Amino acid sequence: VKALVYTDPMTGSLAVSVLNPTSGDIPSCSGGRVHVIAGGGHGSRPMYLLREAGYQVTAGVLGVGDSDYQVAQKLDIICPCIPSFSTVDDASSAHHRALVDQADVVVVTNTQFSDANYLNLEAAHTARRLVVIEDGPFSDRDFTGGKATALYAEIRQRVVVTTVADLVDAVRGAMDSLPP
């Protein structure tokens, strides 16, 4: 059984999570770098699915108390981190932009954007290939007074839109569209 053993943050006791019980449902890939912009728990499943498919996964700036950060740590995914409820600073933003530049595909999850993490979305604008997980209107996730919605409208013109269920296939399609 493939499993993850970790200390449960609530109880302090060991916890076991069985990984990949449906391995036949996750298509494998030929590799490549995928960067995931997430937060608030919206990146946990995408990061797991992409790692299981065989991609080298990195993540955007995450607060150390965020559940996506906890999952990234458990999956050994590189991501810049900041204290919980902090604003993305210049150093973490620079690290994030470097990870975006190295990625073959950047995935923007269904996370919310505020002035605190707006720089994460701004970095996506420079990505070579973008895949966006979209479950509803972006404006419902914009807490910047419309600034993030305006940027997202520019970004969305050149993205592959998908759901979590179809993410691995969408990333594979985006990878296939890269020049050799």
# chains A, B, ... in the order shown; residues from 1 in each chain; ligands from 1
$ select_by_dssp --residues "segment 56-148 of chain A" --states "strand (DSSP E or B)" --output "ChimeraX atom specification"
/A:56-59,62-63,78,81-82,105-108,113-114,130-133,142-143
$ residues_around --residues "Ile155 of chain A" --least-positions-apart "4" --cutoff "7 Å" --atoms "only C-alpha atoms" --output "PyMOL selection string"
chain A and resi 125+151+159
$ write_last_selection --atoms "N, CA, C and O atoms" --output "short mmCIF file (atom, residue, chain, number, x, y, z; two decimals), in the first residue's frame"
data_model
loop_
_atom_site.label_atom_id
_atom_site.label_comp_id
_atom_site.auth_asym_id
_atom_site.auth_seq_id
_atom_site.Cartn_x
_atom_site.Cartn_y
_atom_site.Cartn_z
N HIS A 125 0.76 35.71 -15.48
CA HIS A 125 0.66 36.44 -16.74
C HIS A 125 1.90 36.20 -17.62
O HIS A 125 1.84 36.29 -18.85
N LEU A 151 -7.02 41.58 -14.63
CA LEU A 151 -5.83 40.82 -15.03
C LEU A 151 -6.23 39.42 -15.50
O LEU A 151 -5.72 38.93 -16.51
N VAL A 159 -5.65 30.69 -22.26
CA VAL A 159 -5.54 29.56 -21.35
C VAL A 159 -6.37 28.38 -21.82
O VAL A 159 -7.27 28.52 -22.64
#
$ select_by_dssp --residues "segment 32-168 of chain A" --states "alpha helix (DSSP H)" --output "PyMOL selection string"
chain A and resi 44-53+67-74+90-102+118-124+147-156+167-168
$ residues_around --residues "Val61 of chain A" --least-positions-apart "4" --cutoff "7 Å" --atoms "only C-alpha atoms" --output "ChimeraX atom specification"
/A:79-81,92,96,120
$ residues_around --residues "Ser84 of chain A" --least-positions-apart "2" --cutoff "6 Å" --atoms "only C-alpha atoms" --output "list in words"
Gly63, Val64, Gly65 and Ser86 of chain A
$ closest_residue --among "A:Val71, A:Ile78, A:Val171, A:Val106" --to "Gly54 of chain A" --atoms "only C-alpha atoms"
A:Val171
$ residues_around --residues "Gly145 of chain A" --least-positions-apart "4" --cutoff "12 Å" --atoms "only C-alpha atoms" --output "list in words"
Phe113, Ser114, Asp115, Tyr118, Ser139, Asp140, Arg141, Thr149, Ala150 and Leu151 of chain A
$ decode --residues "segment 48-152 of chain A" --atoms "C-alpha atoms" --output "short mmCIF file (atom, residue, chain, number, x, y, z; two decimals), in the first residue's frame"
data_model
loop_
_atom_site.label_atom_id
_atom_site.label_comp_id
_atom_site.auth_asym_id
_atom_site.auth_seq_id
_atom_site.Cartn_x
_atom_site.Cartn_y
_atom_site.Cartn_z
CA TYR A 48 -1.35 15.38 -5.79
CA LEU A 49 -2.81 14.41 -9.19
CA LEU A 50 0.02 16.09 -11.10
CA ARG A 51 2.71 14.44 -8.94
CA GLU A 52 1.04 11.04 -9.34
CA ALA A 53 0.95 11.55 -13.12
CA GLY A 54 4.73 12.01 -13.07
CA TYR A 55 5.16 15.76 -13.42
CA GLN A 56 7.75 17.73 -11.49
CA VAL A 57 5.47 20.04 -9.50
CA THR A 58 6.23 23.37 -7.83
CA ALA A 59 3.81 25.80 -6.23
CA GLY A 60 3.30 29.52 -5.81
CA VAL A 61 3.68 31.48 -2.61
CA LEU A 62 1.70 29.90 0.23
CA GLY A 63 1.16 30.82 3.84
CA VAL A 64 2.66 28.29 6.27
CA GLY A 65 -0.75 27.73 7.86
CA ASP A 66 -2.49 27.07 4.55
CA SER A 67 -3.62 23.50 3.93
CA ASP A 68 -2.09 23.70 0.43
CA TYR A 69 1.27 24.47 2.06
CA GLN A 70 0.88 21.46 4.33
CA VAL A 71 0.17 19.22 1.32
CA ALA A 72 3.09 20.71 -0.61
CA GLN A 73 5.38 19.86 2.29
CA LYS A 74 4.06 16.29 2.52
CA LEU A 75 4.56 15.81 -1.25
CA ASP A 76 8.03 17.48 -1.24
CA ILE A 77 6.83 20.22 -3.57
CA ILE A 78 9.01 23.32 -3.68
CA CYS A 79 7.13 26.52 -2.92
CA PRO A 80 8.03 29.90 -1.48
CA CYS A 81 6.33 30.42 1.86
CA ILE A 82 5.31 33.36 3.99
CA PRO A 83 3.84 33.60 7.49
CA SER A 84 0.12 32.90 7.70
CA PHE A 85 -2.12 35.83 6.71
CA SER A 86 0.85 37.82 5.38
CA THR A 87 1.22 39.67 2.12
CA VAL A 88 3.48 38.19 -0.56
CA ASP A 89 6.78 40.03 -0.17
CA ASP A 90 9.42 40.88 -2.78
CA ALA A 91 11.69 37.92 -1.98
CA SER A 92 8.93 35.29 -2.11
CA SER A 93 7.50 36.91 -5.25
CA ALA A 94 10.91 36.76 -6.96
CA HIS A 95 11.25 33.08 -6.04
CA HIS A 96 7.73 32.46 -7.33
CA ARG A 97 8.45 34.21 -10.65
CA ALA A 98 11.58 32.09 -11.09
CA LEU A 99 9.49 28.93 -10.62
CA VAL A 100 6.93 30.22 -13.15
CA ASP A 101 9.73 30.92 -15.63
CA GLN A 102 11.08 27.36 -15.23
CA ALA A 103 7.67 25.72 -15.65
CA ASP A 104 6.44 24.24 -18.90
CA VAL A 105 2.85 24.79 -17.77
CA VAL A 106 1.36 26.93 -15.00
CA VAL A 107 -1.93 25.91 -13.40
CA VAL A 108 -4.08 28.54 -11.70
CA THR A 109 -6.49 26.88 -9.28
CA ASN A 110 -9.86 28.09 -8.15
CA THR A 111 -8.27 30.05 -5.29
CA GLN A 112 -9.34 33.49 -4.11
CA PHE A 113 -7.20 36.55 -4.79
CA SER A 114 -6.75 39.56 -2.56
CA ASP A 115 -4.13 42.28 -2.34
CA ALA A 116 -2.13 39.86 -0.15
CA ASN A 117 -1.61 37.28 -2.94
CA TYR A 118 -2.28 39.33 -6.09
CA LEU A 119 1.39 38.97 -7.08
CA ASN A 120 0.81 35.22 -7.50
CA LEU A 121 -1.76 35.92 -10.21
CA GLU A 122 0.42 38.61 -11.74
CA ALA A 123 3.24 36.08 -12.13
CA ALA A 124 0.91 33.76 -14.06
CA HIS A 125 0.66 36.44 -16.74
CA THR A 126 4.27 35.65 -17.76
CA ALA A 127 3.78 31.87 -18.08
CA ARG A 128 4.47 30.15 -21.39
CA ARG A 129 1.39 27.90 -21.12
CA LEU A 130 -1.54 28.31 -18.74
CA VAL A 131 -4.20 25.92 -17.53
CA VAL A 132 -6.96 27.35 -15.36
CA ILE A 133 -9.27 25.39 -13.10
CA GLU A 134 -12.56 27.23 -13.23
CA ASP A 135 -15.67 26.27 -11.29
CA GLY A 136 -17.48 29.60 -11.44
CA PRO A 137 -17.10 33.29 -12.22
CA PHE A 138 -13.68 34.66 -11.35
CA SER A 139 -15.28 37.80 -9.95
CA ASP A 140 -16.64 35.70 -7.06
CA ARG A 141 -13.01 35.03 -6.04
CA ASP A 142 -11.72 38.59 -6.49
CA PHE A 143 -11.15 40.57 -3.30
CA THR A 144 -8.99 43.26 -4.91
CA GLY A 145 -11.76 45.63 -5.97
CA GLY A 146 -11.70 44.31 -9.54
CA LYS A 147 -7.94 44.52 -10.17
CA ALA A 148 -7.55 40.72 -10.20
CA THR A 149 -10.63 40.29 -12.43
CA ALA A 150 -9.15 42.68 -15.00
CA LEU A 151 -5.83 40.82 -15.03
CA TYR A 152 -7.60 37.46 -15.17
#
